[in-house]
$ cat protein.cif   # mmCIF, C-alpha atoms
data_upload
#
loop_
_atom_site.label_atom_id
_atom_site.label_comp_id
_atom_site.auth_asym_id
_atom_site.auth_seq_id
_atom_site.Cartn_x
_atom_site.Cartn_y
_atom_site.Cartn_z
CA MET A 1 -34.86 7.05 30.88
CA LYS A 2 -35.90 10.68 30.72
CA LEU A 3 -35.81 11.34 26.98
CA LYS A 4 -37.79 14.49 26.37
CA LEU A 5 -41.11 13.56 24.78
CA ALA A 6 -41.57 17.05 23.46
CA PHE A 7 -38.41 16.67 21.41
CA VAL A 8 -39.49 13.33 19.99
CA CYS A 9 -42.90 14.75 19.12
CA SER A 10 -41.33 17.78 17.46
CA LEU A 11 -39.33 15.50 15.21
CA ALA A 12 -42.45 13.58 14.34
CA VAL A 13 -44.25 16.69 13.11
CA ALA A 14 -41.29 18.68 11.80
CA LEU A 15 -41.97 17.67 8.22
CA GLY A 16 -45.73 17.59 8.52
CA SER A 17 -46.15 20.26 5.86
CA CYS A 18 -45.49 18.64 2.52
CA ASN A 19 -43.62 21.50 0.90
CA HIS A 20 -41.84 23.02 3.89
CA LYS A 21 -38.54 21.93 5.36
CA PRO A 22 -37.90 21.64 9.13
CA SER A 23 -36.38 24.65 10.84
CA ILE A 24 -32.68 23.93 11.19
CA GLU A 25 -30.45 26.64 12.66
CA THR A 26 -27.83 26.97 9.94
CA LYS A 27 -27.45 28.02 6.32
CA ALA A 28 -28.69 26.07 3.28
CA THR A 29 -26.19 25.46 0.50
CA GLY A 30 -27.51 23.08 -2.13
CA GLY A 31 -29.34 19.94 -1.08
CA ALA A 32 -32.67 21.70 -0.72
CA ALA A 33 -32.46 23.01 -4.27
CA LYS A 34 -32.08 19.45 -5.49
CA GLY A 35 -35.54 18.53 -4.21
CA ILE A 36 -34.52 15.69 -1.91
CA PHE A 37 -35.92 17.28 1.26
CA TYR A 38 -39.59 17.64 0.29
CA ARG A 39 -41.94 15.25 2.00
CA ASP A 40 -44.47 14.99 -0.83
CA LYS A 41 -41.78 14.03 -3.35
CA ILE A 42 -40.32 11.48 -0.94
CA SER A 43 -43.73 9.87 -0.39
CA ALA A 44 -44.40 9.75 -4.13
CA LEU A 45 -41.06 8.09 -4.86
CA ILE A 46 -41.62 5.46 -2.16
CA SER A 47 -45.10 4.71 -3.50
CA ASN A 48 -44.28 4.71 -7.21
CA ASN A 49 -40.68 3.50 -7.45
CA VAL A 50 -40.74 0.18 -5.63
CA GLY A 51 -39.27 -1.47 -8.72
CA LYS A 52 -36.24 0.81 -8.49
CA GLN A 53 -35.14 -0.34 -5.03
CA LYS A 54 -32.43 -2.60 -6.42
CA GLU A 55 -30.95 0.18 -8.57
CA ALA A 56 -31.13 2.63 -5.67
CA ASN A 57 -29.44 0.15 -3.33
CA ALA A 58 -26.63 -0.45 -5.83
CA LEU A 59 -25.94 3.29 -5.88
CA TYR A 60 -26.01 3.36 -2.08
CA GLN A 61 -23.49 0.51 -1.86
CA LYS A 62 -21.12 2.25 -4.28
CA ALA A 63 -21.47 5.46 -2.30
CA VAL A 64 -20.51 3.74 0.96
CA VAL A 65 -17.33 2.42 -0.67
CA ALA A 66 -16.55 5.86 -2.13
CA PHE A 67 -17.12 7.61 1.20
CA ARG A 68 -15.71 5.21 3.75
CA LYS A 69 -13.02 3.36 1.83
CA GLU A 70 -11.93 5.58 -1.06
CA ARG A 71 -12.43 8.86 0.85
CA LYS A 72 -14.10 10.40 -2.21
CA THR A 73 -16.79 12.36 -0.42
CA GLU A 74 -18.03 14.43 -3.36
CA LYS A 75 -18.49 11.26 -5.41
CA ALA A 76 -20.35 9.65 -2.50
CA VAL A 77 -22.71 12.64 -2.25
CA GLU A 78 -23.56 12.40 -5.95
CA LEU A 79 -24.25 8.67 -5.68
CA LEU A 80 -26.35 9.03 -2.53
CA GLU A 81 -28.40 11.88 -3.99
CA SER A 82 -29.02 9.79 -7.12
CA SER A 83 -30.08 6.86 -4.95
CA LEU A 84 -32.56 9.04 -3.05
CA ARG A 85 -34.08 10.34 -6.26
CA LEU A 86 -34.78 6.73 -7.25
CA TYR A 87 -36.00 5.32 -3.93
CA PRO A 88 -35.51 7.14 -0.59
CA THR A 89 -34.52 5.15 2.51
CA ALA A 90 -33.60 6.06 6.07
CA ARG A 91 -30.08 4.68 5.88
CA THR A 92 -29.37 6.58 2.64
CA TYR A 93 -30.42 9.89 4.22
CA PHE A 94 -28.31 9.08 7.27
CA GLU A 95 -25.23 8.30 5.18
CA LEU A 96 -25.78 11.41 3.05
CA GLY A 97 -25.96 13.43 6.27
CA ASN A 98 -22.56 12.07 7.26
CA ALA A 99 -21.12 12.92 3.84
CA TYR A 100 -22.57 16.46 3.90
CA ALA A 101 -21.09 16.99 7.37
CA SER A 102 -17.67 15.92 6.07
CA LEU A 103 -18.00 18.64 3.43
CA LYS A 104 -18.96 21.17 6.15
CA ASN A 105 -22.46 21.47 4.67
CA TYR A 106 -24.15 21.32 8.05
CA PHE A 107 -27.58 22.56 6.99
CA ASP A 108 -28.07 19.71 4.53
CA ALA A 109 -26.48 17.25 6.97
CA LEU A 110 -29.03 18.12 9.66
CA MET A 111 -31.87 17.97 7.16
CA CYS A 112 -30.79 14.47 6.19
CA TYR A 113 -30.59 13.34 9.80
CA ASP A 114 -34.10 14.69 10.42
CA LEU A 115 -35.46 12.78 7.44
CA ALA A 116 -33.64 9.61 8.44
CA GLU A 117 -35.35 9.79 11.83
CA GLN A 118 -38.74 10.37 10.23
CA MET A 119 -38.25 7.26 8.10
CA GLY A 120 -37.43 5.05 11.09
CA PHE A 121 -33.64 5.02 11.25
CA THR A 122 -32.31 3.03 14.18
CA PRO A 123 -30.74 3.48 16.59
CA VAL A 124 -32.05 6.99 17.04
CA SER A 125 -29.35 7.59 19.68
CA LYS A 126 -26.64 7.42 17.01
CA LEU A 127 -28.57 9.83 14.80
CA LEU A 128 -28.97 12.31 17.67
CA TYR A 129 -25.28 12.06 18.48
CA ASN A 130 -24.36 12.86 14.88
CA MET A 131 -26.67 15.87 15.02
CA SER A 132 -24.84 17.05 18.13
CA CYS A 133 -21.55 16.73 16.26
CA ALA A 134 -22.91 18.69 13.29
CA TYR A 135 -24.10 21.54 15.52
CA SER A 136 -20.75 21.59 17.32
CA LEU A 137 -18.83 21.81 14.05
CA ASP A 138 -21.21 24.55 12.92
CA GLN A 139 -20.27 26.62 15.99
CA LYS A 140 -23.64 26.21 17.72
CA PRO A 141 -22.63 24.90 21.16
CA ASP A 142 -26.05 25.28 22.81
CA LYS A 143 -27.77 23.14 20.16
CA SER A 144 -24.89 20.67 20.24
CA LEU A 145 -25.18 20.22 24.00
CA GLU A 146 -28.94 19.88 23.73
CA TYR A 147 -28.70 17.08 21.17
CA LEU A 148 -25.86 15.38 23.04
CA GLU A 149 -28.13 15.15 26.06
CA TYR A 150 -30.92 13.73 23.90
CA ALA A 151 -28.50 11.19 22.43
CA ILE A 152 -27.36 9.97 25.85
CA GLU A 153 -30.91 9.74 27.15
CA ALA A 154 -31.90 7.79 24.04
CA GLY A 155 -29.17 5.24 24.73
CA PHE A 156 -25.87 6.52 23.30
CA VAL A 157 -23.47 5.49 26.06
CA ASN A 158 -20.08 5.28 24.34
CA LYS A 159 -18.23 7.39 26.93
CA LYS A 160 -14.84 7.06 25.25
CA GLN A 161 -16.14 8.38 21.95
CA MET A 162 -17.92 11.30 23.56
CA MET A 163 -14.86 12.29 25.58
CA HIS A 164 -12.39 12.17 22.67
CA ASP A 165 -14.42 12.86 19.52
CA SER A 166 -12.82 15.85 17.76
CA ASP A 167 -16.23 16.81 16.37
CA LEU A 168 -17.22 17.88 19.87
CA THR A 169 -14.13 20.00 20.55
CA ASN A 170 -16.18 23.20 20.35
CA ILE A 171 -18.31 22.22 23.35
CA ARG A 172 -15.56 20.89 25.62
CA ASN A 173 -15.54 24.17 27.60
CA ALA A 174 -19.19 25.04 27.08
CA GLY A 175 -21.02 22.92 29.60
CA PHE A 176 -20.00 19.55 28.18
CA SER A 177 -19.03 17.99 31.52
CA GLU A 178 -22.27 19.00 33.20
CA VAL A 179 -24.47 17.73 30.38
CA PHE A 180 -22.44 14.53 30.17
CA ARG A 181 -22.75 13.89 33.91
CA THR A 182 -26.43 14.78 34.37
CA ALA A 183 -27.57 12.87 31.29
CA LEU A 184 -25.76 9.70 32.36
CA GLU A 185 -27.20 10.01 35.87
CA GLY A 186 -30.63 9.39 34.39
CA ILE A 187 -29.53 6.02 33.03
CA GLU A 188 -29.41 3.26 35.63
CA SER A 189 -27.41 0.87 33.45
CA PRO A 190 -25.83 2.20 30.22
CA GLY A 191 -25.05 -1.34 29.05
CA GLU A 192 -28.66 -2.40 29.42
CA VAL A 193 -29.83 0.67 27.49
CA GLY A 194 -27.69 -0.36 24.51
CA TRP A 195 -28.97 -3.94 24.73
CA GLU A 196 -32.59 -2.83 24.87
CA GLY A 197 -32.03 -0.56 21.87
CA PHE A 198 -30.57 -3.49 19.94
CA LEU A 199 -33.54 -5.73 20.76
CA GLN A 200 -36.05 -3.09 19.67
CA VAL A 201 -34.89 -3.44 16.07
CA PHE A 202 -35.98 -7.11 15.97
CA SER A 203 -39.57 -8.26 15.44
CA ALA A 204 -40.82 -11.71 16.41
CA ILE A 205 -40.57 -14.38 13.71
CA MET A 206 -43.57 -16.55 12.92
CA LEU A 207 -42.30 -20.13 13.21
CA PRO A 208 -41.74 -22.42 11.38
CA VAL A 209 -39.54 -20.55 8.92
CA SER A 210 -37.01 -21.47 6.23
CA ILE A 211 -33.97 -19.36 5.35
CA ASP A 212 -32.11 -19.91 2.08
CA LEU A 213 -30.38 -17.97 -0.69
CA ASN A 214 -33.65 -16.29 -1.60
CA SER A 215 -34.21 -14.98 1.91
CA GLY A 216 -33.53 -11.35 2.57
CA LYS A 217 -33.49 -10.18 -1.05
CA LYS A 218 -36.08 -7.62 -0.02
CA MET A 219 -34.88 -7.01 3.53
CA PRO A 220 -36.85 -4.03 4.89
CA ASP A 221 -34.68 -0.92 5.16
CA GLY A 222 -36.00 -0.28 8.66
CA LYS A 223 -34.23 -3.48 9.77
CA PHE A 224 -30.78 -2.03 9.10
CA LEU A 225 -28.39 -2.54 12.06
CA SER A 226 -26.11 0.36 12.91
CA TYR A 227 -22.44 -0.23 13.70
CA SER A 228 -23.16 1.30 17.11
CA PHE A 229 -24.45 -2.22 17.97
CA GLU A 230 -21.07 -3.80 17.25
CA GLN A 231 -20.72 -5.16 20.80
CA PHE A 232 -23.64 -7.50 20.01
CA VAL A 233 -22.58 -8.41 16.44
CA PRO A 234 -19.09 -9.97 16.32
CA GLU A 235 -19.02 -9.94 12.52
CA MET A 236 -18.82 -6.15 12.61
CA HIS A 237 -15.27 -6.65 13.93
CA GLU A 238 -14.43 -9.17 11.20
CA ARG A 239 -15.17 -7.28 7.98
CA GLU A 240 -12.40 -9.02 6.05
CA LYS A 241 -13.53 -12.53 7.03
CA PHE A 242 -15.59 -13.20 3.93
CA SER A 243 -15.63 -10.18 1.64
CA ARG A 244 -12.96 -8.70 -0.57
CA GLY A 245 -13.79 -5.21 0.66
CA THR A 246 -15.13 -3.36 3.69
CA GLY A 247 -18.30 -1.71 4.85
CA ASN A 248 -20.63 -4.70 4.99
CA VAL A 249 -24.24 -4.03 5.92
CA PHE A 250 -26.13 -5.83 8.70
CA TYR A 251 -29.86 -6.48 9.10
CA ALA A 252 -32.16 -7.59 11.92
CA TYR A 253 -34.00 -10.61 10.52
CA GLY A 254 -36.10 -11.45 13.56
CA LEU A 255 -36.56 -12.60 17.15
CA VAL A 256 -36.78 -16.39 17.58
CA GLU A 257 -37.28 -16.75 21.34
CA GLN A 258 -37.12 -14.61 24.47
CA ASN A 259 -37.49 -15.99 28.00
CA ASN A 260 -35.98 -15.58 31.46
CA ASN A 261 -32.84 -17.50 30.52
CA TYR A 262 -31.91 -16.25 27.06
CA THR A 263 -32.88 -14.34 23.93
CA ALA A 264 -32.34 -15.98 20.52
CA LEU A 265 -32.46 -13.95 17.33
CA ILE A 266 -31.29 -14.00 13.74
CA TYR A 267 -29.35 -11.23 12.00
CA ALA A 268 -27.93 -11.12 8.49
CA GLU A 269 -24.75 -9.74 6.95
CA GLY A 270 -24.68 -8.26 3.48
CA VAL A 271 -21.61 -9.45 1.62
CA ASP A 272 -18.98 -7.29 -0.07
CA GLU A 273 -20.41 -4.09 -1.45
CA GLU A 274 -17.72 -3.88 -4.15
CA MET A 275 -19.05 -6.96 -5.99
CA ASP A 276 -21.69 -6.14 -8.61
CA GLY A 277 -25.09 -7.77 -8.67
CA GLU A 278 -27.16 -9.39 -5.93
CA GLN A 279 -25.09 -11.19 -3.31
CA PRO A 280 -26.38 -13.84 -0.91
CA LEU A 281 -26.75 -12.74 2.70
CA LEU A 282 -25.10 -14.58 5.56
CA PHE A 283 -27.59 -15.42 8.33
CA PHE A 284 -26.55 -16.03 11.94
CA LEU A 285 -28.55 -17.52 14.81
CA VAL A 286 -27.32 -16.02 18.09
CA SER A 287 -28.38 -16.46 21.71
CA TYR A 288 -27.69 -13.90 24.45
CA ASP A 289 -28.07 -13.76 28.21
CA ARG A 290 -30.21 -11.10 29.89
CA LYS A 291 -27.42 -8.52 29.70
CA GLY A 292 -26.63 -9.04 26.02
CA THR A 293 -23.60 -11.33 26.39
CA ILE A 294 -23.45 -13.97 23.67
CA ILE A 295 -24.17 -17.53 24.82
CA ASP A 296 -23.95 -19.30 21.45
CA LYS A 297 -23.68 -18.35 17.77
CA MET A 298 -23.99 -20.26 14.48
CA GLN A 299 -24.16 -19.40 10.79
CA ILE A 300 -27.35 -20.99 9.46
CA SER A 301 -27.64 -19.74 5.88
CA GLY A 302 -25.52 -18.37 3.05
CA PRO A 303 -22.03 -19.28 1.77
CA ARG A 304 -19.53 -20.40 4.40
CA SER A 305 -16.82 -18.74 2.31
CA LEU A 306 -16.56 -17.20 -1.15
CA GLY A 307 -17.35 -20.08 -3.49
CA GLY A 308 -17.54 -22.57 -0.61
CA LEU A 309 -20.37 -24.72 0.72
CA CYS A 310 -23.68 -22.90 1.03
CA LEU A 311 -26.06 -23.32 3.97
CA ALA A 312 -29.85 -23.34 4.24
CA SER A 313 -31.87 -23.79 7.40
CA SER A 314 -35.32 -24.37 8.81
CA MET A 315 -36.45 -23.35 12.30
CA ASN A 316 -39.40 -25.10 13.97
CA SER A 317 -41.84 -23.88 16.59
CA ASN A 318 -40.35 -26.26 19.20
CA LEU A 319 -36.97 -24.49 18.71
CA SER A 320 -35.40 -27.42 16.88
CA PHE A 321 -33.70 -26.46 13.65
CA GLU A 322 -32.03 -28.06 10.66
CA VAL A 323 -28.98 -26.82 8.74
CA LYS A 324 -28.20 -28.24 5.28
CA GLU A 325 -24.91 -27.89 3.42
CA PHE A 326 -24.95 -27.63 -0.38
CA GLU A 327 -22.17 -27.66 -2.92
CA ASN A 328 -23.10 -25.27 -5.73
CA THR A 329 -21.50 -24.98 -9.13
CA TYR A 330 -21.77 -21.69 -11.04
CA GLU A 331 -21.16 -20.77 -14.65
CA LYS A 332 -18.26 -18.49 -13.69
CA LEU A 333 -15.70 -18.78 -10.93
CA VAL A 334 -17.27 -17.20 -7.85
CA GLU A 335 -13.93 -16.12 -6.38
CA SER A 336 -13.35 -13.77 -9.31
CA SER A 337 -16.88 -13.07 -10.61
CA GLY A 338 -19.02 -13.13 -7.48
CA TYR A 339 -22.60 -14.40 -7.35
CA GLY A 340 -24.43 -11.60 -9.14
CA ASP A 341 -25.41 -12.48 -12.71
CA ASN A 342 -23.57 -15.77 -12.26
CA LYS A 343 -25.81 -18.65 -13.37
CA LEU A 344 -26.19 -21.61 -11.03
CA ILE A 345 -25.35 -24.82 -12.91
CA SER A 346 -25.96 -27.44 -10.23
CA SER A 347 -26.60 -27.87 -6.50
CA SER A 348 -25.80 -30.98 -4.49
CA LEU A 349 -26.80 -31.68 -0.87
CA LYS A 350 -23.72 -32.75 1.11
CA ASN A 351 -24.75 -32.82 4.76
CA THR A 352 -27.74 -32.28 7.03
CA HIS A 353 -27.35 -31.39 10.69
CA ASN A 354 -30.11 -31.16 13.29
CA PHE A 355 -29.99 -28.98 16.39
CA ARG A 356 -32.14 -27.68 19.20
CA ILE A 357 -31.90 -24.67 21.50
CA ASN A 358 -31.72 -25.95 25.07
CA ASP A 359 -33.01 -24.23 28.21
CA GLN A 360 -29.72 -22.39 28.70
CA GLY A 361 -29.68 -21.00 25.14
CA LYS A 362 -27.00 -23.38 23.82
CA PHE A 363 -27.31 -24.96 20.37
CA ILE A 364 -27.17 -28.74 20.85
CA GLU A 365 -26.78 -31.12 17.91
CA SER A 366 -29.45 -33.81 17.92
CA GLY A 367 -31.16 -36.35 15.68
CA PRO A 368 -33.70 -35.47 12.97
CA ALA A 369 -36.18 -32.90 14.24
CA MET A 370 -39.80 -33.99 14.51
CA GLY A 371 -41.86 -32.19 11.91
CA SER A 372 -38.80 -30.50 10.42
CA ILE A 373 -39.27 -28.55 7.22
CA GLN A 374 -38.00 -30.61 4.30
CA GLN A 375 -37.16 -27.89 1.84
CA GLY A 376 -34.30 -27.30 -0.56
CA ILE A 377 -32.05 -24.29 -0.57
CA TYR A 378 -34.15 -22.62 -3.24
CA GLY A 379 -37.50 -23.65 -1.78
CA LYS A 380 -38.14 -26.26 -4.47
CA GLY A 381 -38.87 -29.72 -3.16
CA LYS A 382 -37.06 -31.66 -0.48
CA GLY A 383 -33.48 -30.80 -1.43
#
$ encode --input "protein.cif" --output "structure tokens"
Amino acid sequence: MKLKLAFVCSLAVALGSCNHKPSIETKATGGAAKGIFYRDKISALISNNVGKQKEANALYQKAVVAFRKERKTEKAVELLESSLRLYPTARTYFELGNAYASLKNYFDALMCYDLAEQMGFTPVSKLLYNMSCAYSLDQKPDKSLEYLEYAIEAGFVNKKQMMHDSDLTNIRNAGFSEVFRTALEGIESPGEVGWEGFLQVFSAIMLPVSIDLNSGKKMPDGKFLSYSFEQFVPEMHEREKFSRGTGNVFYAYGLVEQNNNYTALIYAEGVDEEMDGEQPLLFFLVSYDRKGTIIDKMQISGPRSLGGLCLASSMNSNLSFEVKEFENTYEKLVESSGYGDNKLISSSLKNTHNFRINDQGKFIESGPAMGSIQQGIYGKGKG
């Protein structure tokens, strides 16, 4: 891959001066005046407002619903800006950039994309592609083509989207074909680039590990999975499967095993953003072949359905793992009230299943695992 190192380095130092904004070739309209683009203020908020993460995330979730489902972009901008003033995150800046672009505020959109990159947004290829779209819409074809090339070289290989995206209409007759062709020539296997980008989001898990309803309550923002990885995450195509709404959020929990035959990892799905309060995450163990094709997949933690049996799991260093099924009773009906601020009355263990990952990456049910972690769903005793 021939991604220009000078470009990457320029992004890394663009906000090096605490009180100066990066040089973006367009006109400022309002976001800068609101103080959400200054590096010193961002750093101070991250350092001092850790306790406000939950409140900031709630605002972010409401903003996503307003922007993507309700089509209320102005409302979404207000919510996202409020979230950033509480606790800034990469995904919030990225989403605010998208909202600003929808309002034709391209200066603030590009500023947000820059900050999202600085804070570790992944995949960077999607961010660069959105910057190309913003420059195109802002009638800056040269910058748009430049960033489109960067996006392709960084791993954005959705040819259909690039060829038909109306945001890029302004560069269709301005060198688009040449940039498209030459950038793709530098990528030996576009599919493998996307797979490698997906894997880079996951860090190795220290085994043994237990995953229950308490897991993931403080999932690092940098582990957010973009919908550009949907070919590797089937649940991104099944948004109505569990939730009552849309726009679920996905996280990279960690890498379990990687060898010549398969890669096994765990990702999590955040449930229904329209339901108030903390919601349990759904965790999935998935194995892939060397090209990113799924070999096997299993939910290992979280509710099977709204109000249904809840799972907890433990993964051992020998790649055996245990999945327990619990029947939980809550103070209020989960189907109508959700899990947030809904007191747990009782929890009863119904079933325990033992599995192992075989040499081909398949999940094989077996007897009790040697040295398995005997731990309840809430980490209290043997369950």
$ atom_distance --input "protein.cif" --atom1 "atom CA of A:Lys297" --atom2 "atom CA of A:Phe363"
8.0 Å
$ residues_around --input "protein.cif" --residues "stretch 161-171 of chain A" --least-positions-apart "5" --cutoff "6 Å" --atoms "only C-alpha atoms" --output "list in words"
Cys133, Ser136, Pro141 and Phe176 of chain A
$ atom_distance --input "protein.cif" --atom1 "atom CA of A:Phe202" --atom2 "atom CA of A:Val124"
14.7 Å
$ resolve_selection --input "protein.cif" --expression "the PyMOL selection byres ((chain A and resi 269) around 10)" --output "PyMOL selection string"
chain A and resi 216+225+233+235-236+239+248-253+267-268+270-272+280-284+302
$ resolve_selection --input "protein.cif" --expression "the PyMOL selection byres ((chain A and resi 84) around 12)" --output "ChimeraX atom specification"
/A:31,34-38,41-46,49,52-53,55-60,63,77-83,85-96,112,115-116
$ atom_distance --input "protein.cif" --atom1 "atom CA of A:Asn354" --atom2 "atom CA of A:Arg290"
26.0 Å
$ closest_residue --input "protein.cif" --among "A:Tyr288, A:Tyr339, A:Phe180, A:Tyr100" --to "A:Phe232" --atoms "all atoms listed in the file"
A:Tyr288
$ closest_residue --input "protein.cif" --among "A:Asp138, A:Glu335, A:Asp341, A:Glu365" --to "A:Phe321" --atoms "all atoms listed in the file"
A:Glu365
$ closest_residue --input "protein.cif" --among "A:Gly254, A:Gly338, A:Pro208, A:Gly292" --to "A:Ser314" --atoms "only C-alpha atoms"
A:Pro208
$ resolve_selection --input "protein.cif" --expression "the PyMOL selection byres ((chain A and resi 258) around 12)" --output "PyMOL selection string"
chain A and resi 199+202-205+254-257+259-265+286-290+292+319+357+359-361
$ closest_residue --input "protein.cif" --among "A:Glu178, A:Asp40, A:Glu117, A:Glu230" --to "A:Asn130" --atoms "only C-alpha atoms"
A:Glu117
$ residues_near_point --input "protein.cif" --point "(-21.2, 4.9, 22.7)" --cutoff "12 Å" --atoms "all atoms listed in the file" --output "ChimeraX atom specification"
/A:123,125-130,148,151-165,184,190-191,193-195,226-231
$ closest_residue --input "protein.cif" --among "A:Gly308, A:Gln279, A:Glu196, A:Lys362" --to "A:Asn214" --atoms "all atoms listed in the file"
A:Gln279
